[in-house]
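Enquirer: Below is the structure I would like to discuss, written out as structure tokens.
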Amino acid sequence: MIMRKGQRYRCQNPNCRDEIEVINNSGEEDSNPRCHCGAKVKKVYSKPVFRELSEVEAIAGVGDITPPNSALASQNRE
């Protein structure tokens with residue numbers, strides 16, 4: 001797993017539970033990131049953020065297709 005800047009990880013050891021914030025992207029892919037105590041770490045849960053789609057985005061299929069610039073221009077005029 002590549003660890004990216006800003007991500008937070010928590011130790012799975014109930015006696016430790018240290019939290020780590022990544023300050024630099026990892027250069028290597030490590031399948032099992034570990035805490036200083038030796039236990040595995042997992043990403044901290046972050047609640048999803050929902051937003052309402054614009055009409056153009058809904059027609060385009062939620063980002064599957066990029067809407068043409070003319071459609072975006074007409075949306076901005078409304």
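Letters A, B, ... go to the chains of the structure tokens in the order shown; residues in each chain start at 1; ligands are counted from 1 in the same order.
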May I have the residues within 10 Å of stretch 45-47 of chain A as a list of chain:residue names, using only C-alpha atoms and disregarding those fewer than 6 positions away in the same chain?
Expert: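 Everything that qualifies: A:Arg8, A:Tyr9, A:Arg10.
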Enquirer: If you keep C-alpha atoms, can you produce a file of those selected residues as an mmCIF file, in the first residue's frame?
Expert:
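Wrote part33.cif, looks like this:
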```
data_model
loop_
_atom_site.group_PDB
_atom_site.id
_atom_site.type_symbol
_atom_site.label_atom_id
_atom_site.label_comp_id
_atom_site.auth_asym_id
_atom_site.auth_seq_id
_atom_site.Cartn_x
_atom_site.Cartn_y
_atom_site.Cartn_z
ATOM 1 C CA ARG A 8 -3.813 9.000 8.971
ATOM 2 C CA TYR A 9 -3.205 5.467 10.223
ATOM 3 C CA ARG A 10 -4.014 3.876 13.593
#
```
Enquirer: A:Phe50, A:Lys43, A:Ile59, A:Arg4: which is nearest A:Ile23, counting only C-alpha atoms?
Expert: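 The answer is A:Arg4, which sits nearest to A:Ile23.
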Enquirer: Considering only C-alpha atoms, return as a ChimeraX atom specification whatever protein or nucleic-acid residues lie within 10 Å of A:Gly38, sequence-local ones (same chain, fewer than 6 positions apart) excluded.
Expert: /A:11-13
